[in-house]
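Text of entry28.cif, listed as mmCIF, C-alpha atoms:
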data_query
loop_
_atom_site.group_PDB
_atom_site.id
_atom_site.type_symbol
_atom_site.label_atom_id
_atom_site.label_comp_id
_atom_site.auth_asym_id
_atom_site.auth_seq_id
_atom_site.Cartn_x
_atom_site.Cartn_y
_atom_site.Cartn_z
ATOM 1 C CA MET A 1 67.893 132.442 82.508
ATOM 2 C CA GLY A 2 66.655 135.895 81.444
ATOM 3 C CA ASP A 3 64.234 135.950 84.385
ATOM 4 C CA VAL A 4 67.055 135.039 86.785
ATOM 5 C CA ALA A 5 69.261 137.789 85.312
ATOM 6 C CA ALA A 6 66.511 140.391 85.704
ATOM 7 C CA THR A 7 65.729 139.367 89.284
ATOM 8 C CA ALA A 8 69.419 139.384 90.309
ATOM 9 C CA ARG A 9 70.095 142.569 88.319
ATOM 10 C CA VAL A 10 72.939 141.002 86.355
ATOM 11 C CA SER A 11 73.565 139.985 82.757
ATOM 12 C CA ALA A 12 72.544 136.622 81.313
ATOM 13 C CA GLN A 13 76.259 135.959 80.795
ATOM 14 C CA THR A 14 76.841 136.313 84.539
ATOM 15 C CA VAL A 15 74.028 133.841 85.237
ATOM 16 C CA SER A 16 75.653 131.457 82.769
ATOM 17 C CA ARG A 17 78.964 131.746 84.599
ATOM 18 C CA VAL A 18 77.303 130.942 87.931
ATOM 19 C CA VAL A 19 75.489 127.949 86.418
ATOM 20 C CA ASN A 20 78.774 126.652 85.002
ATOM 21 C CA ALA A 21 80.657 127.138 88.313
ATOM 22 C CA SER A 22 83.032 129.708 86.839
ATOM 23 C CA ALA A 23 85.487 131.321 89.253
ATOM 24 C CA ARG A 24 85.061 134.643 87.422
ATOM 25 C CA VAL A 25 82.087 135.760 89.532
ATOM 26 C CA ASP A 26 82.162 138.044 92.561
ATOM 27 C CA PRO A 27 80.933 136.160 95.703
ATOM 28 C CA ASP A 28 78.170 138.715 96.391
ATOM 29 C CA THR A 29 77.011 138.519 92.770
ATOM 30 C CA ARG A 30 77.051 134.716 92.900
ATOM 31 C CA ARG A 31 74.931 134.816 96.047
ATOM 32 C CA ARG A 32 72.347 137.108 94.425
ATOM 33 C CA VAL A 33 72.142 134.887 91.352
ATOM 34 C CA GLU A 34 71.780 131.721 93.439
ATOM 35 C CA GLU A 35 69.057 133.345 95.544
ATOM 36 C CA ALA A 36 67.228 134.406 92.368
ATOM 37 C CA MET A 37 67.518 130.888 90.962
ATOM 38 C CA ALA A 38 66.089 129.461 94.169
ATOM 39 C CA SER A 39 63.201 131.933 94.363
ATOM 40 C CA LEU A 40 62.240 131.357 90.712
ATOM 41 C CA GLY A 41 62.678 127.591 90.844
ATOM 42 C CA TYR A 42 65.297 127.729 88.068
ATOM 43 C CA GLN A 43 67.004 124.411 87.296
ATOM 44 C CA VAL A 44 69.721 123.663 84.757
ATOM 45 C CA ASN A 45 68.572 121.579 81.791
ATOM 46 C CA ARG A 46 71.617 119.316 81.594
ATOM 47 C CA THR A 47 70.543 117.762 78.292
ATOM 48 C CA ALA A 48 70.227 121.144 76.614
ATOM 49 C CA ARG A 49 73.540 122.289 78.033
ATOM 50 C CA ALA A 50 75.250 119.083 76.854
ATOM 51 C CA LEU A 51 73.930 119.644 73.312
ATOM 52 C CA ARG A 52 75.307 123.169 73.364
ATOM 53 C CA THR A 53 78.684 122.558 75.050
ATOM 54 C CA GLY A 54 79.406 118.888 74.398
ATOM 55 C CA ARG A 55 79.691 118.379 78.188
ATOM 56 C CA PHE A 56 77.263 116.544 80.447
ATOM 57 C CA HIS A 57 78.888 117.791 83.679
ATOM 58 C CA THR A 58 78.405 114.320 85.117
ATOM 59 C CA ILE A 59 81.114 111.985 86.419
ATOM 60 C CA GLY A 60 80.779 108.221 86.507
ATOM 61 C CA VAL A 61 82.179 106.058 89.318
ATOM 62 C CA VAL A 62 82.879 102.345 88.832
ATOM 63 C CA VAL A 63 83.228 100.334 92.043
ATOM 64 C CA ALA A 64 83.455 96.602 92.760
ATOM 65 C CA THR A 65 81.951 96.843 96.247
ATOM 66 C CA LEU A 66 80.677 99.439 98.682
ATOM 67 C CA ALA A 67 81.020 97.087 101.653
ATOM 68 C CA THR A 68 84.577 98.153 102.531
ATOM 69 C CA VAL A 69 85.283 101.283 104.556
ATOM 70 C CA GLY A 70 87.886 102.454 102.044
ATOM 71 C CA ASN A 71 85.522 102.312 99.083
ATOM 72 C CA SER A 72 82.631 104.005 100.849
ATOM 73 C CA ARG A 73 84.889 106.779 102.176
ATOM 74 C CA MET A 74 86.445 107.196 98.748
ATOM 75 C CA LEU A 75 83.002 107.545 97.168
ATOM 76 C CA GLU A 76 82.067 110.152 99.780
ATOM 77 C CA GLY A 77 85.187 112.145 98.930
ATOM 78 C CA VAL A 78 84.509 111.964 95.185
ATOM 79 C CA ALA A 79 80.880 112.987 95.656
ATOM 80 C CA GLY A 80 81.791 116.021 97.742
ATOM 81 C CA SER A 81 84.462 117.222 95.323
ATOM 82 C CA ALA A 82 82.293 116.627 92.253
ATOM 83 C CA SER A 83 79.411 118.563 93.799
ATOM 84 C CA ALA A 84 81.705 121.476 94.647
ATOM 85 C CA ARG A 85 82.752 121.614 90.980
ATOM 86 C CA GLY A 86 79.155 121.501 89.749
ATOM 87 C CA TYR A 87 79.289 117.903 88.520
ATOM 88 C CA GLY A 88 76.640 115.255 89.047
ATOM 89 C CA LEU A 89 77.564 111.664 89.926
ATOM 90 C CA THR A 90 76.502 108.313 88.480
ATOM 91 C CA VAL A 91 77.663 105.172 90.313
ATOM 92 C CA VAL A 92 77.886 101.725 88.713
ATOM 93 C CA LYS A 93 78.643 98.663 90.838
ATOM 94 C CA LEU A 94 80.256 95.740 89.048
ATOM 95 C CA SER A 95 78.329 92.489 89.271
ATOM 96 C CA ASP A 96 81.354 90.366 88.310
ATOM 97 C CA ARG A 97 84.815 90.648 86.723
ATOM 98 C CA ALA A 98 83.372 90.430 83.214
ATOM 99 C CA ALA A 99 81.055 93.387 83.719
ATOM 100 C CA ILE A 100 83.523 96.263 83.253
ATOM 101 C CA ASP A 101 82.640 96.737 79.562
ATOM 102 C CA ASP A 102 78.942 96.776 80.475
ATOM 103 C CA ALA A 103 79.670 99.340 83.197
ATOM 104 C CA PHE A 104 81.446 101.658 80.766
ATOM 105 C CA ALA A 105 78.651 101.216 78.207
ATOM 106 C CA GLN A 106 76.023 102.014 80.848
ATOM 107 C CA LEU A 107 77.861 105.176 81.844
ATOM 108 C CA GLN A 108 78.187 106.244 78.217
ATOM 109 C CA GLU A 109 74.458 105.726 77.663
ATOM 110 C CA GLN A 110 73.614 107.786 80.748
ATOM 111 C CA GLY A 111 75.863 110.625 79.576
ATOM 112 C CA VAL A 112 79.094 111.150 81.515
ATOM 113 C CA ASP A 113 82.189 113.170 80.659
ATOM 114 C CA GLY A 114 84.518 110.640 82.286
ATOM 115 C CA ALA A 115 84.754 107.972 84.966
ATOM 116 C CA ILE A 116 86.670 107.284 88.174
ATOM 117 C CA VAL A 117 87.431 103.601 88.708
ATOM 118 C CA VAL A 118 87.907 102.790 92.398
ATOM 119 C CA ASN A 119 90.326 100.386 94.078
ATOM 120 C CA GLU A 120 89.529 96.710 93.325
ATOM 121 C CA ALA A 121 87.824 97.649 90.050
ATOM 122 C CA THR A 122 91.051 99.129 88.644
ATOM 123 C CA ALA A 123 92.652 95.729 88.068
ATOM 124 C CA ILE A 124 89.623 94.753 85.982
ATOM 125 C CA ALA A 125 89.628 98.048 84.090
ATOM 126 C CA ARG A 126 93.261 97.624 82.998
ATOM 127 C CA GLY A 127 92.212 94.694 80.834
ATOM 128 C CA SER A 128 89.439 96.620 79.131
ATOM 129 C CA GLU A 129 89.060 99.673 76.924
ATOM 130 C CA ALA A 130 86.798 102.563 77.780
ATOM 131 C CA PRO A 131 84.496 103.844 75.021
ATOM 132 C CA ARG A 132 86.138 106.304 72.652
ATOM 133 C CA GLY A 133 86.250 109.779 74.162
ATOM 134 C CA MET A 134 85.570 108.697 77.765
ATOM 135 C CA LYS A 135 88.343 109.869 80.084
ATOM 136 C CA ILE A 136 89.347 107.588 82.966
ATOM 137 C CA VAL A 137 91.024 108.066 86.343
ATOM 138 C CA ALA A 138 91.989 104.995 88.361
ATOM 139 C CA VAL A 139 92.289 105.109 92.142
ATOM 140 C CA ASP A 140 95.070 102.663 93.112
ATOM 141 C CA SER A 141 96.576 101.282 89.920
ATOM 142 C CA PRO A 142 100.148 100.239 89.102
ATOM 143 C CA LEU A 143 102.136 102.227 86.553
ATOM 144 C CA PRO A 144 102.490 102.474 83.641
ATOM 145 C CA ALA A 145 98.798 103.067 83.056
ATOM 146 C CA PRO A 146 96.981 104.331 79.950
ATOM 147 C CA PHE A 147 94.906 106.694 82.098
ATOM 148 C CA ALA A 148 95.367 109.133 84.975
ATOM 149 C CA THR A 149 95.965 107.585 88.401
ATOM 150 C CA VAL A 150 95.602 108.687 92.018
ATOM 151 C CA GLN A 151 96.783 106.808 95.100
ATOM 152 C CA SER A 152 97.915 107.197 98.676
ATOM 153 C CA ASP A 153 101.522 106.398 99.530
ATOM 154 C CA HIS A 154 100.613 102.919 100.756
ATOM 155 C CA ALA A 155 104.181 101.595 100.751
ATOM 156 C CA GLY A 156 105.537 104.634 102.570
ATOM 157 C CA GLY A 157 102.869 104.393 105.237
ATOM 158 C CA ALA A 158 103.513 100.682 105.741
ATOM 159 C CA LEU A 159 107.251 101.295 105.974
ATOM 160 C CA ALA A 160 106.687 103.955 108.658
ATOM 161 C CA ALA A 161 104.375 101.642 110.634
ATOM 162 C CA THR A 162 106.765 98.686 110.498
ATOM 163 C CA SER A 163 109.794 100.843 111.329
ATOM 164 C CA HIS A 164 107.936 102.201 114.357
ATOM 165 C CA LEU A 165 107.245 98.689 115.622
ATOM 166 C CA LEU A 166 110.880 97.696 115.132
ATOM 167 C CA SER A 167 111.944 100.817 117.048
ATOM 168 C CA ARG A 168 109.885 99.564 119.998
ATOM 169 C CA GLY A 169 112.378 96.684 120.296
ATOM 170 C CA HIS A 170 110.480 93.897 118.528
ATOM 171 C CA ALA A 171 112.691 91.280 116.887
ATOM 172 C CA ARG A 172 110.227 90.902 114.031
ATOM 173 C CA VAL A 173 106.924 92.312 112.814
ATOM 174 C CA HIS A 174 104.151 90.068 111.487
ATOM 175 C CA HIS A 175 101.872 91.246 108.708
ATOM 176 C CA LEU A 176 98.134 90.723 108.288
ATOM 177 C CA ALA A 177 97.849 91.477 104.565
ATOM 178 C CA GLY A 178 94.874 92.388 102.400
ATOM 179 C CA PRO A 179 93.573 90.407 99.396
ATOM 180 C CA ALA A 180 96.127 89.237 96.831
ATOM 181 C CA THR A 181 94.190 90.998 94.053
ATOM 182 C CA SER A 182 94.426 94.415 95.714
ATOM 183 C CA PHE A 183 97.028 96.940 94.539
ATOM 184 C CA ALA A 184 96.839 98.787 97.872
ATOM 185 C CA ALA A 185 97.399 95.539 99.787
ATOM 186 C CA ALA A 186 100.419 94.701 97.618
ATOM 187 C CA GLU A 187 101.920 98.155 98.161
ATOM 188 C CA ARG A 188 101.414 97.926 101.937
ATOM 189 C CA GLN A 189 103.061 94.510 101.956
ATOM 190 C CA ARG A 190 105.967 95.935 99.940
ATOM 191 C CA GLY A 191 106.486 98.710 102.487
ATOM 192 C CA TRP A 192 106.462 96.150 105.321
ATOM 193 C CA GLU A 193 109.037 94.015 103.511
ATOM 194 C CA GLU A 194 111.273 97.015 102.774
ATOM 195 C CA ALA A 195 111.305 98.085 106.426
ATOM 196 C CA LEU A 196 112.248 94.580 107.561
ATOM 197 C CA ALA A 197 114.940 94.301 104.887
ATOM 198 C CA ALA A 198 116.452 97.629 105.948
ATOM 199 C CA ALA A 199 116.666 96.292 109.517
ATOM 200 C CA GLY A 200 118.126 92.962 108.397
ATOM 201 C CA VAL A 201 115.053 91.021 109.520
ATOM 202 C CA VAL A 202 113.774 88.023 107.553
ATOM 203 C CA PRO A 203 110.020 88.539 106.957
ATOM 204 C CA PRO A 204 107.825 85.998 108.762
ATOM 205 C CA GLU A 205 105.113 84.261 106.785
ATOM 206 C CA THR A 206 102.312 86.603 105.758
ATOM 207 C CA VAL A 207 98.755 85.890 106.837
ATOM 208 C CA ARG A 208 96.187 87.185 104.359
ATOM 209 C CA GLY A 209 92.743 88.556 105.191
ATOM 210 C CA ASP A 210 89.881 90.028 103.151
ATOM 211 C CA TRP A 211 89.711 93.524 104.753
ATOM 212 C CA SER A 212 86.991 92.391 107.195
ATOM 213 C CA ALA A 213 87.149 92.353 111.001
ATOM 214 C CA ALA A 214 86.194 88.668 110.853
ATOM 215 C CA SER A 215 89.350 87.813 108.909
ATOM 216 C CA GLY A 216 91.376 89.788 111.440
ATOM 217 C CA TYR A 217 89.766 87.821 114.246
ATOM 218 C CA ALA A 218 90.682 84.544 112.530
ATOM 219 C CA ALA A 219 94.305 85.635 112.188
ATOM 220 C CA GLY A 220 94.410 86.790 115.807
ATOM 221 C CA THR A 221 93.027 83.457 116.983
ATOM 222 C CA ALA A 222 95.820 81.638 115.132
ATOM 223 C CA TRP A 223 98.542 83.977 116.416
ATOM 224 C CA ALA A 224 97.343 84.298 120.019
ATOM 225 C CA SER A 225 99.110 81.149 121.262
ATOM 226 C CA ASP A 226 102.432 82.022 119.609
ATOM 227 C CA PRO A 227 104.678 83.942 122.036
ATOM 228 C CA ALA A 228 106.902 84.992 119.114
ATOM 229 C CA VAL A 229 104.086 87.202 117.795
ATOM 230 C CA THR A 230 104.662 90.467 119.654
ATOM 231 C CA ALA A 231 104.048 93.016 116.870
ATOM 232 C CA VAL A 232 101.570 93.038 113.977
ATOM 233 C CA PHE A 233 101.057 95.491 111.155
ATOM 234 C CA ALA A 234 97.520 95.004 109.792
ATOM 235 C CA ALA A 235 96.755 96.246 106.278
ATOM 236 C CA ASN A 236 93.588 98.031 107.395
ATOM 237 C CA ASP A 237 91.842 99.116 110.572
ATOM 238 C CA GLN A 238 88.917 96.695 110.274
ATOM 239 C CA MET A 239 91.230 93.682 110.285
ATOM 240 C CA ALA A 240 93.163 95.254 113.165
ATOM 241 C CA LEU A 241 89.884 95.507 115.114
ATOM 242 C CA GLY A 242 89.190 91.776 114.776
ATOM 243 C CA LEU A 243 92.818 90.975 115.551
ATOM 244 C CA ILE A 244 92.746 93.011 118.760
ATOM 245 C CA ARG A 245 89.578 91.274 119.915
ATOM 246 C CA ALA A 246 91.026 87.787 119.330
ATOM 247 C CA LEU A 247 94.285 88.589 121.113
ATOM 248 C CA SER A 248 92.454 90.176 124.044
ATOM 249 C CA GLU A 249 90.120 87.211 124.424
ATOM 250 C CA ALA A 250 93.170 84.944 124.559
ATOM 251 C CA GLY A 251 94.642 86.997 127.394
ATOM 252 C CA ARG A 252 97.237 88.892 125.310
ATOM 253 C CA SER A 253 97.330 92.568 126.302
ATOM 254 C CA VAL A 254 97.363 94.742 123.173
ATOM 255 C CA GLY A 255 99.571 97.757 123.771
ATOM 256 C CA SER A 256 101.670 95.798 126.265
ATOM 257 C CA ASP A 257 102.202 92.105 125.352
ATOM 258 C CA VAL A 258 101.496 92.762 121.675
ATOM 259 C CA HIS A 259 101.668 95.956 119.642
ATOM 260 C CA VAL A 260 99.257 96.408 116.729
ATOM 261 C CA ILE A 261 99.154 99.035 113.974
ATOM 262 C CA GLY A 262 96.407 99.389 111.349
ATOM 263 C CA PHE A 263 95.970 101.419 108.177
ATOM 264 C CA ASP A 264 93.350 104.042 107.115
ATOM 265 C CA ASP A 265 92.577 105.825 110.406
ATOM 266 C CA VAL A 266 88.849 105.221 110.183
ATOM 267 C CA ALA A 267 86.530 107.508 112.130
ATOM 268 C CA ASP A 268 86.316 105.148 115.137
ATOM 269 C CA ALA A 269 90.017 104.173 115.308
ATOM 270 C CA ALA A 270 90.584 106.364 118.377
ATOM 271 C CA GLU A 271 87.678 104.578 120.120
ATOM 272 C CA PHE A 272 89.077 101.044 119.777
ATOM 273 C CA LEU A 273 90.226 99.366 122.996
ATOM 274 C CA PRO A 274 93.037 100.283 123.159
ATOM 275 C CA PRO A 275 92.927 103.295 120.810
ATOM 276 C CA LEU A 276 94.502 102.200 117.551
ATOM 277 C CA THR A 277 97.844 103.373 116.236
ATOM 278 C CA THR A 278 97.354 103.527 112.488
ATOM 279 C CA VAL A 279 98.436 105.038 109.182
ATOM 280 C CA ARG A 280 96.150 107.859 108.079
ATOM 281 C CA GLN A 281 95.203 108.302 104.441
ATOM 282 C CA ASP A 282 93.086 111.338 103.558
ATOM 283 C CA PHE A 283 90.043 110.047 101.663
ATOM 284 C CA ASP A 284 88.646 113.536 101.095
ATOM 285 C CA ALA A 285 91.933 114.601 99.503
ATOM 286 C CA LEU A 286 91.938 111.411 97.426
ATOM 287 C CA GLY A 287 88.452 112.147 96.162
ATOM 288 C CA GLU A 288 89.389 115.729 95.337
ATOM 289 C CA ALA A 289 92.570 114.634 93.549
ATOM 290 C CA ALA A 290 90.654 112.047 91.509
ATOM 291 C CA VAL A 291 88.041 114.602 90.425
ATOM 292 C CA ASP A 292 90.738 117.189 89.648
ATOM 293 C CA ALA A 293 92.686 114.681 87.539
ATOM 294 C CA LEU A 294 89.546 113.633 85.675
ATOM 295 C CA VAL A 295 88.443 117.199 84.928
ATOM 296 C CA ALA A 296 91.970 118.002 83.724
ATOM 297 C CA SER A 297 91.837 114.981 81.376
ATOM 298 C CA ILE A 298 88.409 116.053 80.129
ATOM 299 C CA ASP A 299 89.875 119.493 79.423
ATOM 300 C CA GLY A 300 92.592 117.890 77.298
ATOM 301 C CA ALA A 301 95.539 117.635 79.693
ATOM 302 C CA ASP A 302 97.893 114.655 79.654
ATOM 303 C CA PRO A 303 97.079 111.948 82.240
ATOM 304 C CA GLN A 304 98.280 112.872 85.722
ATOM 305 C CA HIS A 305 99.771 110.418 88.216
ATOM 306 C CA VAL A 306 99.259 111.655 91.762
ATOM 307 C CA VAL A 307 100.580 110.113 95.002
ATOM 308 C CA LEU A 308 99.275 111.614 98.255
ATOM 309 C CA PRO A 309 101.240 111.329 101.515
ATOM 310 C CA THR A 310 100.191 109.199 104.470
ATOM 311 C CA ARG A 311 100.954 109.784 108.154
ATOM 312 C CA LEU A 312 101.480 107.515 111.160
ATOM 313 C CA ILE A 313 99.020 108.375 113.961
ATOM 314 C CA ARG A 314 100.380 107.117 117.286
ATOM 315 C CA ARG A 315 97.926 105.916 119.932
ATOM 316 C CA ALA A 316 97.943 103.320 122.720
ATOM 317 C CA SER A 317 98.002 100.065 120.682
ATOM 318 C CA ALA A 318 101.637 100.585 119.639
#
Would you write the structure of this file as C-alpha cells?
Amino acid sequence: MGDVAATARVSAQTVSRVVNASARVDPDTRRRVEEAMASLGYQVNRTARALRTGRFHTIGVVVATLATVGNSRMLEGVAGSASARGYGLTVVKLSDRAAIDDAFAQLQEQGVDGAIVVNEATAIARGSEAPRGMKIVAVDSPLPAPFATVQSDHAGGALAATSHLLSRGHARVHHLAGPATSFAAAERQRGWEEALAAAGVVPPETVRGDWSAASGYAAGTAWASDPAVTAVFAANDQMALGLIRALSEAGRSVGSDVHVIGFDDVADAAEFLPPLTTVRQDFDALGEAAVDALVASIDGADPQHVVLPTRLIRRASA
C-alpha cells in the first residue's frame, strides 16, 4: 500500500479509502490510485482486511435454481451491484429443500458478511435460522419476515395486465399461473383475481405451469379448442411464449382472436411473434435494492422492506 501511495503521490490513507470503495475520494485521485495499483500488481488481501475490520466484503447468494430467466437475471443484477460496491460474490445452489442450513453453514465457512436468498429459496429460508451474525435479505418473501425483503410489485403488475385485457372488451381473462410454491406466482394470481373482482367477473379456473415454455405450450394446447378463451394473462414470458406457439399452431391468431400478456419483459419479448405485451420488472434495480438492503443491515440498520414498481409494456399481442 505504501508503494501504491508513493507511485500515485497520495497518502496511504487515501489508498485505503480507494480500496474500501469510499465516496470520499476525488475522481481524478481515485483514477491515479487505481492506475498505480494496476501497474504495481497490487491486490487486496481480503483475509488480512477481514481480520482488521471484521468485514469480509463478500456477499453470499442462495438460489434454488439458475434455470429460470428470473433467477439468472436477478443474479446478474446482484453481481453488478455488489461489484460496484467493492463486494465479492459467493453463490450456493440448494440441492434440496433440506439443504438451506448446509448452504448457510457453507457461506459462513467461506467468509461472507451476509446473504441474499433468491425467489424460490426464500420459502425454505423462512423455516430456518441463519448463523448468528449473518445478515439476510430475501428477494420475494411474504411479510412479516425476520429479515430484510425486496420484491417487485407483482400484484400491481398483474392487476394492470388483467385490467388492460378487460378494457379490450373481453368478458373474462384466463390465468396461466406459476408454481404453487412461488411467492411471486401467488402475488401475480392475487392481482389477477383483484382485477376480475373489481370488474364483477367470476375468475375462471386457473391453469398452473412451472415457468417453462413447455408448460405454457401444454396450457395453450388445452385452451386452443375453447372459443371462450379470448384473453390470457401468463405469469411469466416463457410460459407466454409456449402458449402463443400452441394457439398459433391451432389456428388461433394471437393479437386478434386471442390476446396474451406475459410478465418480466425478458430481453427477447419484443421479438416474439407477435411482439409480447408484458409487465416489466427491473431486475437490475432489484439486484441493487437487495445489495443496498443487505449492506444497510450489515451496517446495523433495521431490516428494510422494499417494493419496486412494475410497468405494463404494450405491444402487438394484446
Quiz item: Quick one, how far is CA of Ala195 (chain A) from CA of Leu159 (chain A)?
Solution: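 Taking CA of Ala195 (chain A) as the start and CA of Leu159 (chain A) as the end point, the length is 5.2 Å.
Minimum atom-to-atom distances from A:Gly209, A:Gly262, A:Gly41, A:Pro309 to Val232 (chain A) were compared using all atoms listed in the file, and the lowest value belongs to A:Gly262.
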Self-check item: Length of the CA of Ala270 (chain A) to CA of Ile244 (chain A) vector [Å]
Solution: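 CA of Ile244 (chain A) lies 13.5 Å from CA of Ala270 (chain A).
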Quiz item: Once the PyMOL selection byres ((chain A and resi 68-82) around 6) has been applied to the shown file, what residues remain in the selection, as a ChimeraX atom specification?
Solution: /A:66-67,83-85,87,283-284,287-288
Selection to disk with C-alpha atoms, as a PDB file, keeping the file's coordinate frame:
ATOM      1  CA  LEU A  66      80.677  99.439  98.682  1.00  0.00           C
ATOM      2  CA  ALA A  67      81.020  97.087 101.653  1.00  0.00           C
ATOM      3  CA  SER A  83      79.411 118.563  93.799  1.00  0.00           C
ATOM      4  CA  ALA A  84      81.705 121.476  94.647  1.00  0.00           C
ATOM      5  CA  ARG A  85      82.752 121.614  90.980  1.00  0.00           C
ATOM      6  CA  TYR A  87      79.289 117.903  88.520  1.00  0.00           C
ATOM      7  CA  PHE A 283      90.043 110.047 101.663  1.00  0.00           C
ATOM      8  CA  ASP A 284      88.646 113.536 101.095  1.00  0.00           C
ATOM      9  CA  GLY A 287      88.452 112.147  96.162  1.00  0.00           C
ATOM     10  CA  GLU A 288      89.389 115.729  95.337  1.00  0.00           C
TER      11      GLU A 288
END
Quiz item: Could you pull the residues within 10 Å of Ala103 (chain A), counting only C-alpha atoms, minus those fewer than 5 positions along the same chain, as a PyMOL selection string?
Solution: chain A and resi 60-63+91-95+98+108-109+130
Quiz item: Taking into account only C-alpha atoms, which residue in the set A:Val44, A:Ala171, A:Val306, A:Ala99 is nearest to Ser16 (chain A)?
Solution: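 Smallest distance to Ser16 (chain A) is found for A:Val44.
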Contacts of Val117 (chain A) within 10 Å, all atoms listed in the file, excl. fewer than 5 positions in-chain, as a short mmCIF file (atom, residue, chain, number, x, y, z; two decimals) with C-alpha atoms, keeping the file's coordinate frame:
data_model
loop_
_atom_site.label_atom_id
_atom_site.label_comp_id
_atom_site.auth_asym_id
_atom_site.auth_seq_id
_atom_site.Cartn_x
_atom_site.Cartn_y
_atom_site.Cartn_z
CA GLY A 60 80.78 108.22 86.51
CA VAL A 61 82.18 106.06 89.32
CA VAL A 62 82.88 102.34 88.83
CA VAL A 63 83.23 100.33 92.04
CA ALA A 64 83.46 96.60 92.76
CA VAL A 92 77.89 101.72 88.71
CA ILE A 100 83.52 96.26 83.25
CA THR A 122 91.05 99.13 88.64
CA ALA A 123 92.65 95.73 88.07
CA ILE A 124 89.62 94.75 85.98
CA ALA A 125 89.63 98.05 84.09
CA ILE A 136 89.35 107.59 82.97
CA VAL A 137 91.02 108.07 86.34
CA ALA A 138 91.99 105.00 88.36
CA VAL A 139 92.29 105.11 92.14
CA ASP A 140 95.07 102.66 93.11
CA SER A 141 96.58 101.28 89.92
CA THR A 149 95.96 107.58 88.40
CA ALA A 290 90.65 112.05 91.51
#
Practice problem: Kindly resolve the PyMOL selection byres ((chain A and resi 308) around 9) on the present coordinates and return the residues as JSON, numbers by chain. | Solution: {"A": [150, 151, 152, 153, 281, 282, 285, 286, 289, 306, 307, 309, 310]}
Could those residues be written to a file, using C-alpha atoms, as an mmCIF file, in the coordinates of the input?
data_model
loop_
_atom_site.group_PDB
_atom_site.id
_atom_site.type_symbol
_atom_site.label_atom_id
_atom_site.label_comp_id
_atom_site.auth_asym_id
_atom_site.auth_seq_id
_atom_site.Cartn_x
_atom_site.Cartn_y
_atom_site.Cartn_z
ATOM 1 C CA VAL A 150 95.602 108.687 92.018
ATOM 2 C CA GLN A 151 96.783 106.808 95.100
ATOM 3 C CA SER A 152 97.915 107.197 98.676
ATOM 4 C CA ASP A 153 101.522 106.398 99.530
ATOM 5 C CA GLN A 281 95.203 108.302 104.441
ATOM 6 C CA ASP A 282 93.086 111.338 103.558
ATOM 7 C CA ALA A 285 91.933 114.601 99.503
ATOM 8 C CA LEU A 286 91.938 111.411 97.426
ATOM 9 C CA ALA A 289 92.570 114.634 93.549
ATOM 10 C CA VAL A 306 99.259 111.655 91.762
ATOM 11 C CA VAL A 307 100.580 110.113 95.002
ATOM 12 C CA PRO A 309 101.240 111.329 101.515
ATOM 13 C CA THR A 310 100.191 109.199 104.470
#
Exercise. Run the PyMOL selection byres ((chain A and resi 211) around 8) on the file and write out the hits as a PyMOL selection string.
Key: chain A and resi 68+178-179+209-210+212-213+215-216+235-236+238-239
Quiz item: In Å to one decimal, how far is CA of Val201 (chain A) from CA of Leu241 (chain A)?
Solution: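 One can read the CA of Leu241 (chain A) to CA of Val201 (chain A) distance as 26.2 Å.
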Quiz item: From the list A:Pro144, A:Gly200, A:Pro275, A:Gly88, which residue is nearest His305 (chain A) when using only C-alpha atoms?
Solution: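 Checking each of A:Pro144, A:Gly200, A:Pro275, A:Gly88 against His305 (chain A), counting only C-alpha atoms, the winner is A:Pro144.
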